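Shown here: coords_31.tsv, TSV, C-alpha atoms.
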```tsv
chain	number	residue	atom	x	y	z
M	24	MET	CA	-15.15	-14.83	1.67
M	25	GLY	CA	-15.17	-16.03	5.22
M	26	ARG	CA	-14.02	-12.70	6.71
M	27	SER	CA	-16.02	-9.78	7.99
M	28	ARG	CA	-13.18	-7.28	7.64
M	29	ARG	CA	-10.69	-6.60	4.90
M	30	THR	CA	-7.17	-5.46	5.63
M	31	ILE	CA	-5.95	-2.00	4.69
M	32	PRO	CA	-3.54	-3.37	2.03
M	33	GLU	CA	-6.44	-5.24	0.42
M	34	GLU	CA	-8.63	-2.14	0.46
M	35	LEU	CA	-5.88	0.07	-0.95
M	36	LEU	CA	-5.35	-2.34	-3.84
M	37	LEU	CA	-9.08	-2.62	-4.54
M	38	LEU	CA	-9.29	1.19	-4.59
M	39	ALA	CA	-6.49	1.29	-7.15
M	40	LEU	CA	-8.01	-1.40	-9.38
M	41	ASP	CA	-9.69	0.10	-12.43
M	42	PRO	CA	-12.93	-1.81	-13.05
M	43	ALA	CA	-12.91	-0.87	-16.75
M	44	THR	CA	-9.37	-1.96	-17.61
M	45	GLY	CA	-8.50	-4.49	-14.91
M	46	THR	CA	-5.20	-2.69	-14.25
M	47	THR	CA	-4.03	-0.75	-11.23
M	48	ALA	CA	-3.55	3.00	-11.04
M	49	GLN	CA	-0.15	4.30	-9.86
M	50	PRO	CA	1.49	0.85	-10.14
M	51	GLN	CA	5.00	1.95	-9.16
M	52	SER	CA	4.11	3.89	-6.01
M	53	LEU	CA	1.42	1.35	-5.08
M	54	ASP	CA	4.05	-1.16	-3.95
M	55	LEU	CA	5.33	1.43	-1.49
M	56	GLY	CA	1.81	2.17	-0.32
M	57	LEU	CA	1.11	-1.52	0.27
M	58	ALA	CA	4.26	-1.80	2.39
M	59	GLY	CA	3.02	1.15	4.42
M	60	ALA	CA	-0.48	-0.33	4.65
M	61	GLN	CA	1.00	-3.49	6.15
M	62	LEU	CA	2.57	-1.40	8.90
M	63	VAL	CA	-0.74	0.29	9.68
M	64	GLU	CA	-2.56	-3.04	9.80
M	65	LEU	CA	0.09	-4.53	12.10
M	66	ALA	CA	-0.20	-1.48	14.35
M	67	LEU	CA	-3.98	-1.84	14.53
M	68	ALA	CA	-3.45	-5.50	15.44
M	69	GLY	CA	-1.19	-4.46	18.33
M	70	ARG	CA	1.94	-6.06	16.84
M	71	ILE	CA	3.97	-2.91	16.21
M	72	ALA	CA	3.95	0.68	17.45
M	73	PRO	CA	5.55	3.95	16.34
M	74	ASP	CA	8.69	5.04	18.17
M	75	GLY	CA	9.29	8.54	16.89
M	76	ASP	CA	9.84	8.07	13.16
M	77	ARG	CA	10.70	4.41	13.74
M	78	ILE	CA	8.65	1.24	13.95
M	79	ALA	CA	9.08	-1.13	16.91
M	80	VAL	CA	7.73	-4.66	17.30
M	81	VAL	CA	5.78	-4.89	20.57
M	82	MET	CA	4.25	-8.34	20.07
M	83	ALA	CA	5.75	-10.95	17.75
M	84	ARG	CA	2.78	-13.34	17.85
M	85	PRO	CA	1.53	-14.07	14.30
M	86	THR	CA	-1.73	-12.51	13.18
M	87	GLY	CA	-2.81	-15.46	11.06
M	88	ASP	CA	-2.52	-13.45	7.84
M	89	PRO	CA	0.47	-14.88	5.90
M	90	THR	CA	1.37	-11.64	4.11
M	91	LEU	CA	1.23	-9.58	7.30
M	92	ASP	CA	3.08	-12.22	9.30
M	93	SER	CA	5.89	-12.26	6.74
M	94	ALA	CA	6.34	-8.51	7.24
M	95	LEU	CA	6.11	-8.90	11.02
M	96	GLU	CA	8.82	-11.56	11.01
M	97	LEU	CA	11.13	-9.37	8.92
M	98	LEU	CA	10.61	-6.51	11.36
M	99	ARG	CA	11.28	-8.82	14.31
M	100	ARG	CA	14.55	-9.98	12.77
M	101	ARG	CA	15.79	-6.40	12.62
M	102	GLY	CA	16.17	-6.58	16.39
M	103	SER	CA	15.71	-2.83	16.89
M	104	PRO	CA	13.22	-0.20	15.71
M	105	VAL	CA	13.58	0.68	12.04
M	106	ARG	CA	12.82	4.00	10.39
M	107	ALA	CA	9.53	3.82	8.52
M	108	VAL	CA	11.05	5.42	5.41
M	109	HIS	CA	13.80	2.79	5.29
M	110	TRP	CA	11.38	-0.08	5.76
M	111	ILE	CA	8.96	1.13	3.08
M	112	GLY	CA	11.78	1.89	0.64
M	113	GLY	CA	13.47	-1.48	1.21
M	114	PRO	CA	13.73	-4.30	-1.36
M	115	ARG	CA	10.17	-5.55	-1.07
M	116	LEU	CA	8.76	-4.26	-4.33
M	117	GLY	CA	6.36	-6.72	-5.90
M	118	LEU	CA	3.75	-6.47	-3.15
M	119	ARG	CA	1.19	-5.51	-5.78
M	120	GLN	CA	1.51	-8.91	-7.45
M	121	ILE	CA	1.60	-10.69	-4.08
M	122	TYR	CA	-1.62	-9.02	-3.00
M	123	LEU	CA	-3.34	-9.55	-6.34
M	124	ALA	CA	-2.61	-13.27	-5.95
M	125	HIS	CA	-3.88	-13.07	-2.38
M	126	LEU	CA	-7.12	-11.37	-3.45
M	127	GLU	CA	-7.59	-13.99	-6.15
M	128	ARG	CA	-7.20	-16.81	-3.60
M	129	CYS	CA	-9.73	-15.06	-1.36
M	130	GLY	CA	-12.18	-14.79	-4.23
M	131	MET	CA	-12.21	-10.99	-4.31
M	132	VAL	CA	-10.86	-10.77	-7.87
M	133	HIS	CA	-10.48	-13.10	-10.81
M	134	ALA	CA	-7.65	-13.10	-13.33
M	135	VAL	CA	-8.22	-12.59	-17.06
M	136	SER	CA	-5.32	-13.62	-19.28
M	137	GLY	CA	-4.53	-11.75	-22.48
M	138	GLN	CA	-1.74	-10.41	-24.63
M	139	MET	CA	-0.11	-7.02	-25.10
M	140	CYS	CA	0.45	-6.11	-28.74
M	141	GLY	CA	-0.55	-9.67	-29.58
M	142	VAL	CA	2.74	-10.99	-28.17
M	143	LEU	CA	3.45	-10.34	-24.48
M	144	PRO	CA	1.28	-12.32	-22.05
M	145	THR	CA	-0.61	-10.15	-19.57
M	146	THR	CA	-3.02	-10.71	-16.71
M	147	ARG	CA	-5.76	-8.28	-15.79
M	148	TYR	CA	-7.99	-8.47	-12.75
M	149	GLN	CA	-11.68	-7.92	-12.31
M	150	ALA	CA	-13.40	-7.56	-8.94
M	151	THR	CA	-15.79	-10.45	-8.32
M	152	ASP	CA	-18.05	-8.30	-6.14
M	153	THR	CA	-18.15	-4.64	-7.11
M	154	ALA	CA	-20.17	-3.88	-3.97
M	155	ILE	CA	-16.98	-4.30	-1.94
M	156	SER	CA	-15.16	-1.63	-3.93
M	157	ARG	CA	-18.20	0.64	-3.77
M	158	ASP	CA	-18.31	0.28	0.01
M	159	ILE	CA	-14.63	1.21	0.35
M	160	ARG	CA	-15.08	4.22	-1.93
M	161	ALA	CA	-18.24	5.28	-0.07
M	162	ARG	CA	-16.32	5.44	3.22
M	163	LEU	CA	-13.76	7.80	1.68
M	164	ASP	CA	-16.45	9.87	-0.01
M	165	SER	CA	-18.35	10.19	3.28
M	166	ALA	CA	-15.26	11.34	5.17
M	167	ILE	CA	-14.49	13.89	2.46
M	168	ARG	CA	-18.05	15.13	2.12
M	169	THR	CA	-19.09	15.38	5.77
M	170	GLY	CA	-15.83	16.52	7.33
M	171	VAL	CA	-16.54	14.22	10.28
M	172	PRO	CA	-13.29	12.64	11.56
M	173	PRO	CA	-13.24	9.10	10.15
M	174	ASP	CA	-12.39	5.92	12.02
M	175	PRO	CA	-8.65	5.06	12.16
M	176	ARG	CA	-8.88	2.48	9.35
M	177	THR	CA	-10.57	4.89	6.95
M	178	ALA	CA	-8.22	7.72	7.93
M	179	ALA	CA	-5.17	5.53	7.29
M	180	LEU	CA	-6.60	4.33	3.98
M	181	ALA	CA	-7.20	7.95	2.92
M	182	ALA	CA	-3.67	8.94	3.93
M	183	LEU	CA	-2.15	6.10	1.91
M	184	ALA	CA	-4.41	6.74	-1.08
M	185	HIS	CA	-3.15	10.32	-1.12
M	186	ALA	CA	0.47	9.26	-0.61
M	187	VAL	CA	0.54	6.94	-3.63
M	188	GLY	CA	-1.28	9.42	-5.87
M	189	LEU	CA	-4.70	7.79	-6.08
M	190	GLY	CA	-6.41	11.14	-5.54
M	191	LYS	CA	-6.30	12.00	-9.24
M	192	HIS	CA	-7.60	8.51	-10.06
M	193	LEU	CA	-10.49	8.67	-7.58
M	194	TYR	CA	-11.34	12.37	-8.02
M	195	PRO	CA	-10.08	13.41	-11.47
M	196	GLY	CA	-10.05	16.77	-13.20
M	197	ASN	CA	-10.72	20.27	-11.98
M	198	GLU	CA	-14.04	19.19	-10.49
M	199	GLY	CA	-12.21	16.78	-8.21
M	200	ARG	CA	-9.69	19.32	-6.94
M	201	SER	CA	-11.48	20.08	-3.66
M	202	SER	CA	-12.02	16.37	-2.98
M	203	ARG	CA	-8.32	15.68	-3.55
M	204	SER	CA	-7.48	18.47	-1.12
M	205	ARG	CA	-9.79	17.03	1.53
M	206	LEU	CA	-8.37	13.56	0.93
M	207	ARG	CA	-4.92	14.96	1.67
M	208	ASP	CA	-6.21	16.64	4.83
M	209	LEU	CA	-7.50	13.34	6.23
M	210	ILE	CA	-3.88	12.36	6.82
M	211	ARG	CA	-3.97	14.15	10.19
M	212	HIS	CA	-6.67	11.91	11.69
M	213	ASP	CA	-4.52	8.82	12.27
M	214	PRO	CA	-0.96	9.16	13.66
M	215	MET	CA	0.27	5.81	12.33
M	216	GLY	CA	-1.37	6.34	8.96
M	217	GLY	CA	0.19	9.79	8.80
M	218	LEU	CA	3.62	8.45	9.70
M	219	VAL	CA	3.66	5.80	6.98
M	220	ALA	CA	1.99	8.05	4.40
M	221	HIS	CA	4.71	10.68	4.86
M	222	ALA	CA	7.32	7.91	4.66
M	223	VAL	CA	5.84	6.72	1.36
M	224	MET	CA	6.03	10.26	-0.04
M	225	ASP	CA	9.56	10.70	1.29
M	226	VAL	CA	10.72	7.56	-0.52
M	227	GLN	CA	9.18	8.79	-3.76
M	228	ASN	CA	10.93	12.13	-3.30
M	229	GLY	CA	14.27	10.46	-2.59
M	230	VAL	CA	14.39	11.58	1.04
M	231	GLY	CA	15.12	8.06	2.31
M	232	ALA	CA	18.84	8.21	1.50
M	233	GLN	CA	20.86	9.18	4.58
M	234	PRO	CA	24.62	9.61	5.08
M	235	ARG	CA	26.44	6.56	6.39
M	236	ARG	CA	26.92	6.59	10.16
M	237	SER	CA	29.52	4.96	12.32
M	238	SER	CA	27.14	2.74	14.32
M	239	ALA	CA	25.98	-0.61	13.01
M	240	ASN	CA	22.37	0.55	13.16
M	241	GLY	CA	23.19	3.72	11.25
M	242	THR	CA	25.06	1.74	8.58
M	243	GLY	CA	22.02	-0.42	8.00
M	244	ALA	CA	19.81	2.65	7.77
M	245	ALA	CA	22.08	4.22	5.19
M	246	ALA	CA	22.02	1.08	3.09
M	247	ALA	CA	18.25	0.96	3.31
M	248	GLY	CA	18.07	4.59	2.26
M	249	THR	CA	20.21	3.84	-0.80
M	250	ARG	CA	17.83	1.04	-1.77
M	251	ALA	CA	14.88	3.38	-1.31
M	252	THR	CA	16.32	5.83	-3.81
M	253	ALA	CA	17.21	3.08	-6.27
M	254	THR	CA	13.74	1.58	-6.26
M	255	ALA	CA	11.73	4.78	-6.21
M	256	PRO	CA	8.76	5.04	-8.58
M	257	GLY	CA	9.59	5.89	-12.14
M	258	VAL	CA	11.73	2.82	-12.82
M	259	PRO	CA	9.78	0.79	-15.39
M	260	MET	CA	8.83	-2.73	-14.38
M	261	GLN	CA	9.95	-5.44	-16.76
M	262	PRO	CA	7.74	-8.36	-17.81
M	263	HIS	CA	8.38	-11.50	-15.75
M	264	ARG	CA	7.59	-15.12	-16.30
M	265	GLY	CA	4.95	-16.94	-14.28
M	266	SER	CA	1.22	-16.48	-13.92
M	267	MET	CA	1.43	-13.84	-11.20
M	268	ALA	CA	4.82	-12.27	-11.98
M	269	ARG	CA	3.63	-11.28	-15.45
M	270	ALA	CA	0.45	-9.88	-13.98
M	271	VAL	CA	-0.98	-6.45	-14.40
M	272	ALA	CA	-0.18	-4.93	-17.72
M	273	HIS	CA	0.26	-1.25	-17.10
```

In structure tokens, write the structure found in this file.
Amino acid sequence: MGRSRRTIPEELLLLALDPATGTTAQPQSLDLGLAGAQLVELALAGRIAPDGDRIAVVMARPTGDPTLDSALELLRRRGSPVRAVHWIGGPRLGLRQIYLAHLERCGMVHAVSGQMCGVLPTTRYQATDTAISRDIRARLDSAIRTGVPPDPRTAALAALAHAVGLGKHLYPGNEGRSSRSRLRDLIRHDPMGGLVAHAVMDVQNGVGAQPRRSSANGTGAAAAGTRATATAPGVPMQPHRGSMARAVAH
């Protein structure tokens, strides 16, 4: 694959990908989680930093990753720090399809075309190297089992996995209850991961909407909050045309 390290958005998506069905768990909230994962990855790369509950660009130099650099440029254009909940809840849904296409280009997954009910075209995805997914899962399992504080990347991944609801996918049933609880507790081990994970949950709970303020910055925040509420999980995704837009039957 030509890279020794995967990004947190890539790892979050691979965690959510069901090897048996080729679909993703929690598809609606996963878009929000991927937006949050981009923020964590940019922070680890030294491009952004938390400013209270806001995100500030501290270095606008591209990272070399097109998907991350697109997010970085959008943040730079804001001109001032933006609240994490407004950024994550903004009109950037569709990241799941963007990252599935990205993983396919990188050779991490391959697309399998099919039909739903014999009519609607669908695309499912299979990991090309299941060892990668096992390695990601093993890091989470180790952090949960040992109680040893994980590295920042693993802590942020755990926080985001909890925020988008992957706990019940990774550790199902009553027997997985304690593991889900420990997964939730890992949120405290990385400040940036905790910030964006709470923002993801706030958007899902409709907390992003804020009253309109008189300042220009406040007006923008209010508008972003309105979009967050409008695009919160639970709104069914409609089939789209195109090889990637129609992807992921779920």

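Across the structure, CA of Leu95 in chain M and CA of Gln51 in chain M are spaced 22.9 Å apart.
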
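Of the listed residues M:Arg168, M:His109, M:Arg207, M:His125, the one whose atoms come nearest to Val230 in chain M is M:His109, with distances taken using all atoms listed in the file.
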
| task | Figure out the distance between CA of His133 in chain M and CA of Gln149 in chain M, please, to one decimal in Å. | result | 5.5 Å

| said: Residues near Ser204 in chain M, anyone? I mean within 12 Å using only C-alpha atoms, not counting same-chain ones fewer than 2 positions away, as JSON, numbers by chain. | reply: {"M": [167, 168, 181, 182, 185, 188, 190, 191, 194, 195, 197, 198, 199, 200, 201, 202, 206, 207, 208, 209, 210]}

| request: Show which residues sit within 8 Å of Pro50 in chain M, as number ranges by chain. Count only C-alpha atoms, and ignore same-chain residues fewer than 3 positions away. | output: M: 47, 53-54, 119, 273

| task | Rounded to one decimal place, report the CA of Ala220 in chain M-CA of Val132 in chain M distance in Å. | result |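 Distance between the two atoms: 25.9 Å.
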
| query | Any idea what's packed within 12 Å of Leu123 in chain M, counting all atoms listed in the file, ignoring anything in its chain fewer than 3 positions away? Could you give it as a ChimeraX atom specification? | reply | /M:32-37,39-40,45-47,53-54,57,90,117-120,126-134,146-150,266-271

| request: Give as number ranges by chain the set of residues within 6 Å of the point (-2.6, 2.9, 7.9), where distances use the file's coordinates and only C-alpha atoms. | output: M: 60, 63, 179-180, 216

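Each of M:Arg70, M:Arg205, M:Arg100, M:Arg28 was checked against Ala178 in chain M using all atoms listed in the file; the smallest atom-to-atom distance is that of M:Arg205.
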
| With distances taken over only C-alpha atoms, which of M:Arg29, M:Arg106, M:Leu67, M:Leu97 is nearest to Val226 in chain M? |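 Using only C-alpha atoms, Val226 in chain M sits closest to M:Arg106.
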
| Which residue of M:Val223, M:Ala166, M:Leu189, M:Val105 approaches Ala79 in chain M most closely, using only C-alpha atoms | M:Val105

| task | For Val80 in chain M, please output as a list in words all residues within 7 Å (counting all atoms listed in the file; exclusion window: fewer than 2 positions along the same chain). | result |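 Neighbouring residues, sequence-local ones excluded: Arg70, Ile71, Ala72, Ile78, Met82, Ala83, Leu98 and Arg99 of chain M.
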